[in-house]
>>> print(open('protein.cif').read())   # mmCIF, N, CA and C atoms
data_structure
#
loop_
_atom_site.label_atom_id
_atom_site.label_comp_id
_atom_site.auth_asym_id
_atom_site.auth_seq_id
_atom_site.Cartn_x
_atom_site.Cartn_y
_atom_site.Cartn_z
N GLN A 1 105.94 112.49 88.57
CA GLN A 1 106.10 111.04 88.41
C GLN A 1 104.74 110.39 88.33
N LEU A 2 104.54 109.57 87.32
CA LEU A 2 103.28 108.89 87.12
C LEU A 2 103.09 107.82 88.20
N GLN A 3 101.94 107.85 88.84
CA GLN A 3 101.71 106.90 89.92
C GLN A 3 100.22 106.59 90.06
N LEU A 4 99.92 105.32 90.33
CA LEU A 4 98.58 104.89 90.69
C LEU A 4 98.65 104.31 92.10
N VAL A 5 97.77 104.76 92.97
CA VAL A 5 97.79 104.30 94.36
C VAL A 5 96.41 103.80 94.74
N GLU A 6 96.33 102.53 95.09
CA GLU A 6 95.08 101.95 95.56
C GLU A 6 94.96 102.11 97.07
N SER A 7 93.75 102.21 97.54
CA SER A 7 93.49 102.26 98.97
C SER A 7 92.10 101.74 99.25
N GLY A 8 91.82 101.49 100.52
CA GLY A 8 90.49 101.06 100.93
C GLY A 8 90.39 99.60 101.29
N GLY A 9 91.42 98.84 101.02
CA GLY A 9 91.38 97.42 101.37
C GLY A 9 91.53 97.22 102.87
N THR A 10 90.82 96.24 103.38
CA THR A 10 90.87 95.93 104.80
C THR A 10 90.23 94.58 105.06
N LEU A 11 90.10 94.22 106.30
CA LEU A 11 89.39 93.02 106.70
C LEU A 11 87.91 93.36 106.86
N VAL A 12 87.05 92.56 106.25
CA VAL A 12 85.61 92.79 106.32
C VAL A 12 84.90 91.45 106.47
N GLN A 13 83.75 91.47 107.12
CA GLN A 13 82.99 90.24 107.30
C GLN A 13 82.21 89.87 106.05
N PRO A 14 81.94 88.61 105.86
CA PRO A 14 81.11 88.20 104.72
C PRO A 14 79.78 88.96 104.72
N GLY A 15 79.37 89.37 103.54
CA GLY A 15 78.16 90.16 103.41
C GLY A 15 78.38 91.65 103.52
N GLY A 16 79.57 92.05 103.90
CA GLY A 16 79.88 93.46 104.07
C GLY A 16 80.22 94.15 102.75
N SER A 17 80.56 95.42 102.87
CA SER A 17 80.88 96.25 101.70
C SER A 17 82.18 96.99 101.90
N LEU A 18 82.82 97.28 100.79
CA LEU A 18 84.03 98.10 100.78
C LEU A 18 84.04 98.93 99.52
N ARG A 19 84.69 100.07 99.60
CA ARG A 19 84.94 100.85 98.39
C ARG A 19 86.44 101.06 98.26
N LEU A 20 86.96 100.56 97.17
CA LEU A 20 88.38 100.74 96.86
C LEU A 20 88.54 101.99 96.00
N SER A 21 89.66 102.66 96.21
CA SER A 21 89.99 103.85 95.42
C SER A 21 91.29 103.65 94.69
N CYS A 22 91.36 104.23 93.52
CA CYS A 22 92.58 104.22 92.71
C CYS A 22 92.84 105.67 92.34
N ALA A 23 93.79 106.27 93.02
CA ALA A 23 94.10 107.68 92.80
C ALA A 23 95.34 107.81 91.93
N ALA A 24 95.26 108.69 90.95
CA ALA A 24 96.38 108.93 90.05
C ALA A 24 97.08 110.22 90.40
N SER A 25 98.39 110.21 90.23
CA SER A 25 99.17 111.44 90.37
C SER A 25 100.16 111.51 89.22
N GLY A 26 100.46 112.72 88.81
CA GLY A 26 101.41 112.90 87.73
C GLY A 26 100.81 112.89 86.34
N PHE A 27 99.53 112.58 86.24
CA PHE A 27 98.86 112.59 84.95
C PHE A 27 97.36 112.63 85.19
N PHE A 28 96.62 112.97 84.12
CA PHE A 28 95.17 113.03 84.22
C PHE A 28 94.58 111.68 83.84
N LEU A 29 93.99 111.05 84.83
CA LEU A 29 93.47 109.70 84.62
C LEU A 29 92.24 109.68 83.72
N GLY A 30 91.58 110.80 83.62
CA GLY A 30 90.32 110.83 82.89
C GLY A 30 90.41 110.55 81.41
N GLY A 31 91.59 110.61 80.83
CA GLY A 31 91.70 110.35 79.41
C GLY A 31 91.90 108.90 79.04
N TYR A 32 91.85 108.02 80.03
CA TYR A 32 92.22 106.62 79.80
C TYR A 32 91.21 105.65 80.42
N ALA A 33 91.20 104.47 79.86
CA ALA A 33 90.43 103.39 80.48
C ALA A 33 91.20 102.87 81.69
N VAL A 34 90.47 102.50 82.72
CA VAL A 34 91.06 101.99 83.95
C VAL A 34 90.38 100.68 84.33
N GLY A 35 91.19 99.72 84.69
CA GLY A 35 90.65 98.43 85.09
C GLY A 35 91.04 98.07 86.51
N TRP A 36 90.20 97.23 87.10
CA TRP A 36 90.51 96.62 88.40
C TRP A 36 90.78 95.14 88.18
N PHE A 37 91.83 94.69 88.81
CA PHE A 37 92.22 93.28 88.77
C PHE A 37 92.37 92.79 90.20
N ARG A 38 92.41 91.49 90.39
CA ARG A 38 92.66 90.95 91.71
C ARG A 38 93.46 89.66 91.59
N GLN A 39 94.19 89.38 92.65
CA GLN A 39 95.00 88.16 92.67
C GLN A 39 94.95 87.55 94.06
N ALA A 40 94.42 86.35 94.13
CA ALA A 40 94.38 85.61 95.38
C ALA A 40 95.63 84.73 95.47
N PRO A 41 96.02 84.34 96.68
CA PRO A 41 97.22 83.50 96.84
C PRO A 41 97.12 82.23 96.02
N GLY A 42 98.18 81.95 95.27
CA GLY A 42 98.23 80.74 94.47
C GLY A 42 97.42 80.76 93.20
N LYS A 43 96.84 81.91 92.90
CA LYS A 43 96.01 82.02 91.68
C LYS A 43 96.56 83.09 90.76
N GLU A 44 96.15 83.02 89.50
CA GLU A 44 96.55 84.02 88.54
C GLU A 44 95.77 85.31 88.77
N ARG A 45 96.35 86.41 88.31
CA ARG A 45 95.65 87.68 88.40
C ARG A 45 94.42 87.64 87.48
N GLU A 46 93.33 88.13 88.01
CA GLU A 46 92.04 88.06 87.32
C GLU A 46 91.50 89.45 87.07
N GLY A 47 91.05 89.71 85.87
CA GLY A 47 90.41 90.98 85.56
C GLY A 47 89.02 91.03 86.15
N VAL A 48 88.69 92.12 86.81
CA VAL A 48 87.39 92.25 87.47
C VAL A 48 86.46 93.15 86.66
N SER A 49 86.87 94.39 86.42
CA SER A 49 85.99 95.34 85.77
C SER A 49 86.82 96.46 85.16
N CYS A 50 86.24 97.14 84.19
CA CYS A 50 86.95 98.23 83.52
C CYS A 50 85.96 99.33 83.18
N ILE A 51 86.45 100.59 83.22
CA ILE A 51 85.63 101.73 82.87
C ILE A 51 86.36 102.55 81.81
N SER A 52 85.64 102.97 80.79
CA SER A 52 86.25 103.73 79.72
C SER A 52 86.53 105.16 80.17
N SER A 53 87.19 105.90 79.30
CA SER A 53 87.70 107.22 79.69
C SER A 53 86.60 108.20 80.07
N ARG A 54 85.47 108.14 79.40
CA ARG A 54 84.37 109.07 79.71
C ARG A 54 83.22 108.37 80.39
N SER A 55 83.48 107.20 80.94
CA SER A 55 82.49 106.42 81.67
C SER A 55 81.33 105.97 80.79
N GLU A 56 81.49 106.05 79.47
CA GLU A 56 80.38 105.67 78.60
C GLU A 56 80.26 104.17 78.47
N SER A 57 81.30 103.47 78.88
CA SER A 57 81.29 102.02 78.76
C SER A 57 81.92 101.39 79.98
N ILE A 58 81.24 100.40 80.52
CA ILE A 58 81.76 99.61 81.63
C ILE A 58 81.75 98.15 81.21
N THR A 59 82.87 97.51 81.41
CA THR A 59 83.01 96.10 81.07
C THR A 59 83.28 95.31 82.33
N ASN A 60 82.42 94.39 82.62
CA ASN A 60 82.61 93.51 83.78
C ASN A 60 83.11 92.16 83.29
N TRP A 61 84.36 91.88 83.57
CA TRP A 61 84.94 90.64 83.07
C TRP A 61 84.59 89.43 83.93
N ALA A 62 84.54 89.64 85.22
CA ALA A 62 84.37 88.51 86.14
C ALA A 62 82.90 88.25 86.41
N ASP A 63 82.41 87.11 85.97
CA ASP A 63 81.01 86.76 86.21
C ASP A 63 80.70 86.69 87.70
N SER A 64 81.67 86.33 88.48
CA SER A 64 81.43 86.13 89.92
C SER A 64 81.11 87.41 90.66
N VAL A 65 81.40 88.58 90.06
CA VAL A 65 81.16 89.83 90.77
C VAL A 65 79.99 90.62 90.18
N LYS A 66 79.43 90.14 89.10
CA LYS A 66 78.33 90.87 88.46
C LYS A 66 77.15 91.00 89.41
N GLY A 67 76.64 92.21 89.50
CA GLY A 67 75.55 92.48 90.41
C GLY A 67 76.00 92.84 91.81
N ARG A 68 77.29 92.66 92.09
CA ARG A 68 77.81 92.98 93.43
C ARG A 68 78.84 94.11 93.40
N PHE A 69 79.66 94.17 92.35
CA PHE A 69 80.73 95.17 92.25
C PHE A 69 80.35 96.21 91.20
N THR A 70 80.69 97.46 91.50
CA THR A 70 80.42 98.56 90.58
C THR A 70 81.64 99.43 90.46
N ILE A 71 82.06 99.67 89.23
CA ILE A 71 83.20 100.56 88.97
C ILE A 71 82.67 101.93 88.60
N SER A 72 83.38 102.96 89.03
CA SER A 72 82.99 104.34 88.70
C SER A 72 84.24 105.21 88.72
N ARG A 73 84.08 106.44 88.27
CA ARG A 73 85.23 107.35 88.29
C ARG A 73 84.76 108.76 88.59
N ASP A 74 85.67 109.51 89.19
CA ASP A 74 85.44 110.92 89.49
C ASP A 74 86.64 111.67 88.92
N SER A 75 86.43 112.27 87.75
CA SER A 75 87.55 112.94 87.08
C SER A 75 88.06 114.13 87.87
N ALA A 76 87.17 114.80 88.58
CA ALA A 76 87.59 115.95 89.39
C ALA A 76 88.57 115.54 90.47
N LYS A 77 88.42 114.31 90.97
CA LYS A 77 89.32 113.80 92.01
C LYS A 77 90.42 112.92 91.42
N ASN A 78 90.39 112.76 90.09
CA ASN A 78 91.41 111.95 89.41
C ASN A 78 91.48 110.55 90.02
N THR A 79 90.32 109.98 90.25
CA THR A 79 90.22 108.73 90.99
C THR A 79 89.17 107.80 90.35
N VAL A 80 89.47 106.53 90.39
CA VAL A 80 88.51 105.49 89.98
C VAL A 80 88.20 104.64 91.20
N TYR A 81 86.95 104.23 91.31
CA TYR A 81 86.50 103.48 92.47
C TYR A 81 86.00 102.09 92.08
N LEU A 82 86.03 101.19 93.06
CA LEU A 82 85.39 99.90 92.92
C LEU A 82 84.55 99.68 94.18
N GLN A 83 83.24 99.80 94.02
CA GLN A 83 82.32 99.55 95.12
C GLN A 83 82.02 98.07 95.16
N MET A 84 82.28 97.44 96.28
CA MET A 84 82.11 96.00 96.42
C MET A 84 81.08 95.72 97.51
N ASN A 85 80.00 95.10 97.14
CA ASN A 85 78.93 94.76 98.07
C ASN A 85 78.76 93.25 98.18
N SER A 86 78.07 92.82 99.22
CA SER A 86 77.80 91.39 99.44
C SER A 86 79.08 90.57 99.30
N LEU A 87 80.10 90.99 99.97
CA LEU A 87 81.41 90.35 99.83
C LEU A 87 81.39 88.93 100.35
N LYS A 88 82.16 88.10 99.67
CA LYS A 88 82.28 86.69 99.99
C LYS A 88 83.74 86.36 100.30
N PRO A 89 83.99 85.30 101.05
CA PRO A 89 85.38 84.94 101.33
C PRO A 89 86.21 84.74 100.07
N GLU A 90 85.59 84.29 99.00
CA GLU A 90 86.33 84.08 97.75
C GLU A 90 86.69 85.38 97.04
N ASP A 91 86.21 86.51 97.56
CA ASP A 91 86.63 87.81 97.03
C ASP A 91 87.95 88.27 97.63
N SER A 92 88.44 87.55 98.63
CA SER A 92 89.70 87.91 99.27
C SER A 92 90.84 87.84 98.26
N ALA A 93 91.60 88.92 98.17
CA ALA A 93 92.68 89.02 97.19
C ALA A 93 93.37 90.36 97.36
N VAL A 94 94.48 90.50 96.67
CA VAL A 94 95.07 91.82 96.49
C VAL A 94 94.44 92.41 95.24
N TYR A 95 93.92 93.61 95.39
CA TYR A 95 93.24 94.28 94.29
C TYR A 95 94.15 95.36 93.71
N TYR A 96 94.27 95.35 92.39
CA TYR A 96 95.11 96.28 91.67
C TYR A 96 94.28 97.10 90.69
N CYS A 97 94.66 98.36 90.54
CA CYS A 97 94.10 99.12 89.43
C CYS A 97 95.20 99.31 88.39
N ALA A 98 94.76 99.51 87.17
CA ALA A 98 95.71 99.62 86.07
C ALA A 98 95.15 100.55 85.01
N ARG A 99 96.05 101.27 84.38
CA ARG A 99 95.66 102.21 83.32
C ARG A 99 95.99 101.61 81.96
N ARG A 100 95.03 101.80 81.05
CA ARG A 100 95.27 101.44 79.67
C ARG A 100 95.53 102.72 78.93
N ARG A 101 96.48 102.75 78.05
CA ARG A 101 96.87 104.00 77.42
C ARG A 101 96.00 104.36 76.22
N VAL A 102 94.78 103.89 76.27
CA VAL A 102 93.75 104.30 75.32
C VAL A 102 92.47 104.51 76.14
N GLY A 103 91.45 105.04 75.48
CA GLY A 103 90.26 105.38 76.24
C GLY A 103 89.22 104.30 76.37
N TYR A 104 89.41 103.19 75.73
CA TYR A 104 88.41 102.14 75.75
C TYR A 104 88.96 100.89 76.43
N CYS A 105 88.06 100.10 76.99
CA CYS A 105 88.46 98.89 77.70
C CYS A 105 88.74 97.75 76.73
N SER A 106 89.54 96.83 77.15
CA SER A 106 89.76 95.62 76.39
C SER A 106 88.56 94.69 76.60
N SER A 107 88.31 93.85 75.62
CA SER A 107 87.17 92.95 75.73
C SER A 107 87.40 91.87 76.78
N ALA A 108 88.65 91.55 77.01
CA ALA A 108 89.00 90.56 78.02
C ALA A 108 89.88 91.21 79.09
N GLY A 109 89.77 90.73 80.29
CA GLY A 109 90.55 91.28 81.39
C GLY A 109 91.94 90.69 81.45
N VAL A 110 92.76 91.05 80.48
CA VAL A 110 94.11 90.51 80.39
C VAL A 110 95.12 91.57 80.80
N GLU A 111 96.14 91.14 81.53
CA GLU A 111 97.11 92.08 82.07
C GLU A 111 97.86 92.85 80.99
N TYR A 112 98.17 92.18 79.89
CA TYR A 112 99.03 92.81 78.89
C TYR A 112 98.36 93.98 78.18
N ALA A 113 97.05 94.11 78.36
CA ALA A 113 96.33 95.23 77.73
C ALA A 113 96.47 96.52 78.54
N PHE A 114 97.06 96.44 79.73
CA PHE A 114 97.18 97.59 80.62
C PHE A 114 98.65 97.84 80.92
N GLU A 115 99.05 99.09 80.80
CA GLU A 115 100.48 99.40 80.85
C GLU A 115 100.98 99.85 82.21
N ASP A 116 100.13 100.50 82.98
CA ASP A 116 100.60 101.10 84.23
C ASP A 116 99.77 100.57 85.39
N TRP A 117 100.46 100.18 86.46
CA TRP A 117 99.81 99.47 87.57
C TRP A 117 100.11 100.12 88.91
N GLY A 118 99.16 99.98 89.83
CA GLY A 118 99.40 100.36 91.20
C GLY A 118 100.03 99.21 91.96
N GLN A 119 100.26 99.44 93.25
CA GLN A 119 100.96 98.46 94.07
C GLN A 119 100.01 97.46 94.72
N GLY A 120 98.72 97.75 94.68
CA GLY A 120 97.72 96.82 95.21
C GLY A 120 97.28 97.14 96.62
N THR A 121 96.08 96.70 96.96
CA THR A 121 95.54 96.85 98.30
C THR A 121 94.87 95.53 98.69
N GLN A 122 95.10 95.08 99.91
CA GLN A 122 94.63 93.78 100.36
C GLN A 122 93.19 93.85 100.85
N VAL A 123 92.37 92.97 100.31
CA VAL A 123 91.00 92.80 100.79
C VAL A 123 90.88 91.39 101.36
N THR A 124 90.45 91.30 102.60
CA THR A 124 90.25 90.01 103.24
C THR A 124 88.81 89.93 103.74
N VAL A 125 88.10 88.93 103.28
CA VAL A 125 86.71 88.73 103.69
C VAL A 125 86.67 87.49 104.57
N SER A 126 86.41 87.72 105.83
CA SER A 126 86.45 86.61 106.79
C SER A 126 85.68 86.99 108.05
N SER A 127 85.08 85.98 108.67
CA SER A 127 84.40 86.21 109.93
C SER A 127 85.33 85.93 111.11
#
>>> encode(input="protein.cif", output="structure tokens")
Amino acid sequence: QLQLVESGGTLVQPGGSLRLSCAASGFFLGGYAVGWFRQAPGKEREGVSCISSRSESITNWADSVKGRFTISRDSAKNTVYLQMNSLKPEDSAVYYCARRRVGYCSSAGVEYAFEDWGQGTQVTVSS
């Protein structure tokens, strides 16, 4: 059964760091582009970052995270990561990973470009 499972979300203080993981089961994630999205209460889901199938291209959609968040992948572990540094309260959201059924990222972080989604992991940044 095809499945994406996010993990690593928790409560963290402002200025702290977290690494989110997106583990795939039932298929090889390495052949596809994978994106991270987030959704805060009362807001629309926002595209954060995307990595292409062979990691040759990374697209950062959200200006607010540039220089702080880094996407990466480990094909041997069938997992994509989102390293988040210098976290701010406005980064609080449910974070989702999603697979695109092609190897390249979309130019915009739009939900309809990604076909398969995980259930999300909660990140709360608060003192």
>>> resolve_selection(input="protein.cif", expression="the PyMOL selection byres ((chain A and resi 99-116) around 8)", output="VMD selection string")
chain A and resid 3 to 4 29 to 37 45 to 55 57 to 62 96 to 98 117 to 119
>>> write_last_selection(input="protein.cif", atoms="N, CA and C atoms", output="CSV table (one decimal), in the coordinates of the input")
chain,number,residue,atom,x,y,z
A,3,GLN,N,101.9,107.8,88.8
A,3,GLN,CA,101.7,106.9,89.9
A,3,GLN,C,100.2,106.6,90.1
A,4,LEU,N,99.9,105.3,90.3
A,4,LEU,CA,98.6,104.9,90.7
A,4,LEU,C,98.6,104.3,92.1
A,29,LEU,N,94.0,111.0,84.8
A,29,LEU,CA,93.5,109.7,84.6
A,29,LEU,C,92.2,109.7,83.7
A,30,GLY,N,91.6,110.8,83.6
A,30,GLY,CA,90.3,110.8,82.9
A,30,GLY,C,90.4,110.6,81.4
A,31,GLY,N,91.6,110.6,80.8
A,31,GLY,CA,91.7,110.4,79.4
A,31,GLY,C,91.9,108.9,79.0
A,32,TYR,N,91.8,108.0,80.0
A,32,TYR,CA,92.2,106.6,79.8
A,32,TYR,C,91.2,105.6,80.4
A,33,ALA,N,91.2,104.5,79.9
A,33,ALA,CA,90.4,103.4,80.5
A,33,ALA,C,91.2,102.9,81.7
A,34,VAL,N,90.5,102.5,82.7
A,34,VAL,CA,91.1,102.0,84.0
A,34,VAL,C,90.4,100.7,84.3
A,35,GLY,N,91.2,99.7,84.7
A,35,GLY,CA,90.6,98.4,85.1
A,35,GLY,C,91.0,98.1,86.5
A,36,TRP,N,90.2,97.2,87.1
A,36,TRP,CA,90.5,96.6,88.4
A,36,TRP,C,90.8,95.1,88.2
A,37,PHE,N,91.8,94.7,88.8
A,37,PHE,CA,92.2,93.3,88.8
A,37,PHE,C,92.4,92.8,90.2
A,45,ARG,N,96.4,86.4,88.3
A,45,ARG,CA,95.6,87.7,88.4
A,45,ARG,C,94.4,87.6,87.5
A,46,GLU,N,93.3,88.1,88.0
A,46,GLU,CA,92.0,88.1,87.3
A,46,GLU,C,91.5,89.4,87.1
A,47,GLY,N,91.0,89.7,85.9
A,47,GLY,CA,90.4,91.0,85.6
A,47,GLY,C,89.0,91.0,86.2
A,48,VAL,N,88.7,92.1,86.8
A,48,VAL,CA,87.4,92.2,87.5
A,48,VAL,C,86.5,93.2,86.7
A,49,SER,N,86.9,94.4,86.4
A,49,SER,CA,86.0,95.3,85.8
A,49,SER,C,86.8,96.5,85.2
A,50,CYS,N,86.2,97.1,84.2
A,50,CYS,CA,87.0,98.2,83.5
A,50,CYS,C,86.0,99.3,83.2
A,51,ILE,N,86.4,100.6,83.2
A,51,ILE,CA,85.6,101.7,82.9
A,51,ILE,C,86.4,102.6,81.8
A,52,SER,N,85.6,103.0,80.8
A,52,SER,CA,86.2,103.7,79.7
A,52,SER,C,86.5,105.2,80.2
A,53,SER,N,87.2,105.9,79.3
A,53,SER,CA,87.7,107.2,79.7
A,53,SER,C,86.6,108.2,80.1
A,54,ARG,N,85.5,108.1,79.4
A,54,ARG,CA,84.4,109.1,79.7
A,54,ARG,C,83.2,108.4,80.4
A,55,SER,N,83.5,107.2,80.9
A,55,SER,CA,82.5,106.4,81.7
A,55,SER,C,81.3,106.0,80.8
A,57,SER,N,81.3,103.5,78.9
A,57,SER,CA,81.3,102.0,78.8
A,57,SER,C,81.9,101.4,80.0
A,58,ILE,N,81.2,100.4,80.5
A,58,ILE,CA,81.8,99.6,81.6
A,58,ILE,C,81.8,98.2,81.2
A,59,THR,N,82.9,97.5,81.4
A,59,THR,CA,83.0,96.1,81.1
A,59,THR,C,83.3,95.3,82.3
A,60,ASN,N,82.4,94.4,82.6
A,60,ASN,CA,82.6,93.5,83.8
A,60,ASN,C,83.1,92.2,83.3
A,61,TRP,N,84.4,91.9,83.6
A,61,TRP,CA,84.9,90.6,83.1
A,61,TRP,C,84.6,89.4,83.9
A,62,ALA,N,84.5,89.6,85.2
A,62,ALA,CA,84.4,88.5,86.1
A,62,ALA,C,82.9,88.2,86.4
A,96,TYR,N,94.3,95.4,92.4
A,96,TYR,CA,95.1,96.3,91.7
A,96,TYR,C,94.3,97.1,90.7
A,97,CYS,N,94.7,98.4,90.5
A,97,CYS,CA,94.1,99.1,89.4
A,97,CYS,C,95.2,99.3,88.4
A,98,ALA,N,94.8,99.5,87.2
A,98,ALA,CA,95.7,99.6,86.1
A,98,ALA,C,95.2,100.6,85.0
A,117,TRP,N,100.5,100.2,86.5
A,117,TRP,CA,99.8,99.5,87.6
A,117,TRP,C,100.1,100.1,88.9
A,118,GLY,N,99.2,100.0,89.8
A,118,GLY,CA,99.4,100.4,91.2
A,118,GLY,C,100.0,99.2,92.0
A,119,GLN,N,100.3,99.4,93.2
A,119,GLN,CA,101.0,98.5,94.1
A,119,GLN,C,100.0,97.5,94.7
>>> resolve_selection(input="protein.cif", expression="the PyMOL selection byres (((chain A and resi 75 and name CA) around 9) and name CA)", output="list in words")
Phe28, Leu29, Gly30, Arg54, Arg73, Asp74, Ala76, Lys77, Asn78, Thr79 and Val80 of chain A
>>> closest_residue(input="protein.cif", among="A:Ser17, A:Asn85, A:Ser25, A:Gln39", to="Gln1 (chain A)", atoms="only C-alpha atoms")
A:Ser25
>>> residues_around(input="protein.cif", residues="Ser86 (chain A)", least_positions_apart="2", cutoff="5 Å", atoms="only N, CA and C atoms", output="PyMOL selection string")
chain A and resi 15-16+84+88
>>> atom_distance(input="protein.cif", atom1="CA of Arg19 (chain A)", atom2="atom C of Gln83 (chain A)")
5.2 Å
